[in-house]
Amino acid sequence: MRIDVITLFPELVQSVAQSGVTAKAAESGLLELHYWNPRDYTNDKHRTVDDRPYGGGPGMVMKYEPLQQALVAAKAQNPKARSVYLSPQGKPLQQSMLQAASDAGGLLLLAGRYEGIDQRVIDEHVDEEWSLGDYVISGGELAAMVVIDGITRLLPGALGHQESAQQDSFSNVEKWLDCPHYTRPEVINNHSNELKVPEVLLQGNHQAIEEWRRQQMLGNTWLKRPDLLDKTTLKESDRALLDDFINEYNNNNKT
Ligand SMILES: C[S@@+](CC[C@H](N)C(=O)[O-])C[C@H]1O[C@@H](n2cnc3c(N)ncnc32)[C@H](O)[C@@H]1O
């Protein structure tokens with residue numbers, strides 16, 4: 001998968017491919033990252049990429065020409081890629097958007113700085129705007145890194161166990177949250193408290209483990225993100241699992 005990034009701070013974005021899953025994907029050629037710095041498309045001695053906003057007001061705006069030229073150069077090398085401007089005004093990022101981008105095989109990310117970029121770049125050269133959420137950060141680089149990481153782990157072969165990505169929150173068939181996970185040791189002595197791994201996970205009964213995990217996914221979603229359950233009608237067996245979870249939760253949390 002080829003991802004081109006237009007940024008004033010390529011070294012910042014490059015760090016996403018220096019460790020973990022993304023580093024491995026880059027080393028194996030599964031992920032190909034290319035950077036385009038708008039400063040390389042300026043003609044003045046100060047390599048100016050920003051200017052004052054028309055109409056006055058605080059801050060600076062990224063200029064049209066260097067961005068346009070960087071976009072044209074990047075698109076020439078990654079012609080099928082959709083261009084995405086990372087922006088707080090964009091569509092809030094969802095797992096399904098990362099999945100679609102990962103399936104598409106090419107992407108062009110544009111990171112803004114200052115007060116943002118000249119609107120004409122968006123109007124003429126941007127296919128979509130994506131947001132990390134309803135808050136503002138100083139630049140699109142961190143958002144680009146989030147997108148690159150999220151896409152890379154979906155590429156076939158990027159994870160040791162590809163099915164683990166299919167069990168993740170929002171990625172499983174039902175789009176529920178993931179279940180809790182435990183590893184050794186079996187018991188942790190925390191002062192007078194013994195913290196134990198749930199018994200069912202130790203008994204090797206795969207059907208019982210599957211059922212427990214499904215119930216925990218449902219319960220977790222009900223507790224933390226009930227809005228995700230509002231969108232579906234549960235089948236009878238899942239309704240029963242969730243009802244049992246809710247009863248147990250209510251019994252344990254009686255005041
Ligand atoms: C300080 S912000 C500009 C914010 C802009 N004036 C606005 O209010 O919409 C500078 C750059 O950071 C990036 N950015 C800021 N918040 C973001 C978010 N929530 N998601 C994605 N990118 C963001 C964008 O690339 C933006 O051009």
# chains A, B, ... in the order shown; residues from 1 in each chain; ligands from 1

call {"tool": "residues_around", "arguments": {"residues": "region 123-133 of chain A", "least_positions_apart": "2", "cutoff": "7 Å", "atoms": "only C-alpha atoms", "output": "MDAnalysis selection string"}}
result
chainID A and resid 82:93 119:121 135 143

call {"tool": "residues_around", "arguments": {"residues": "Ala17 (chain A)", "least_positions_apart": "2", "cutoff": "10 Å", "atoms": "only C-alpha atoms", "output": "list in words"}}
result
Val13, Gln14, Ser15, Ser19, Gly20, Val21, Thr22, Ala23, Lys24, Ala25, Ala26, Glu27, Leu31, Glu32, Leu33, Met145, Ile148, Asp149 and Thr152 of chain A

call {"tool": "select_by_dssp", "arguments": {"residues": "region 8-254 of chain A", "states": "alpha helix (DSSP H)", "output": "count of residues only"}}
result
104

call {"tool": "select_by_dssp", "arguments": {"residues": "region 100-180 of chain A", "states": "strand (DSSP E or B)", "output": "list in words"}}
result
Gly106, Leu107, Leu108, Leu109, Leu110, Ala111, Ile117, Glu128, Glu129, Trp130 and Ser131 of chain A

call {"tool": "residues_around", "arguments": {"residues": "region 43-50 of chain A", "least_positions_apart": "6", "cutoff": "8 Å", "atoms": "only C-alpha atoms", "output": "PyMOL selection string"}}
result
chain A and resi 60-63+66

call {"tool": "atom_distance", "arguments": {"atom1": "CA of Leu142 (chain A)", "atom2": "atom 11 (C, counted along the ligand's line) of ligand 1"}}
result
9.8 Å

call {"tool": "residues_around", "arguments": {"residues": "region 175-186 of chain A", "least_positions_apart": "2", "cutoff": "7 Å", "atoms": "only C-alpha atoms", "output": "list in words"}}
result
Gln167, Asp168, Ser169, Phe170, Ser171, Asn172, Val173, Ile188, Lys196, Val197, Arg213, Gln216, Met217, Leu218, Asn220, Thr221 and Leu228 of chain A

call {"tool": "closest_residue", "arguments": {"among": "A:Ser28, A:Asn205, A:Thr255, A:Asn78", "to": "Leu109 (chain A)", "atoms": "only C-alpha atoms"}}
result
A:Asn78

call {"tool": "closest_residue", "arguments": {"among": "A:Tyr54, A:Phe9, A:Tyr114, A:Tyr41", "to": "ligand 1", "atoms": "only C-alpha atoms and all ligand atoms"}}
result
A:Tyr114

call {"tool": "closest_residue", "arguments": {"among": "A:Leu110, A:Leu154, A:Ile246, A:Leu201", "to": "ligand 1", "atoms": "only C-alpha atoms and all ligand atoms"}}
result
A:Leu110

call {"tool": "closest_residue", "arguments": {"among": "A:Lys231, A:Arg113, A:Arg153, A:Arg239", "to": "ligand 1", "atoms": "only C-alpha atoms and all ligand atoms"}}
result
A:Arg113

call {"tool": "closest_residue", "arguments": {"among": "A:Gly116, A:Pro226, A:Gly57, A:Gly204", "to": "ligand 1", "atoms": "only C-alpha atoms and all ligand atoms"}}
result
A:Gly116

call {"tool": "closest_residue", "arguments": {"among": "A:His34, A:Ala104, A:Ile3, A:Glu115", "to": "ligand 1", "atoms": "only C-alpha atoms and all ligand atoms"}}
result
A:Glu115
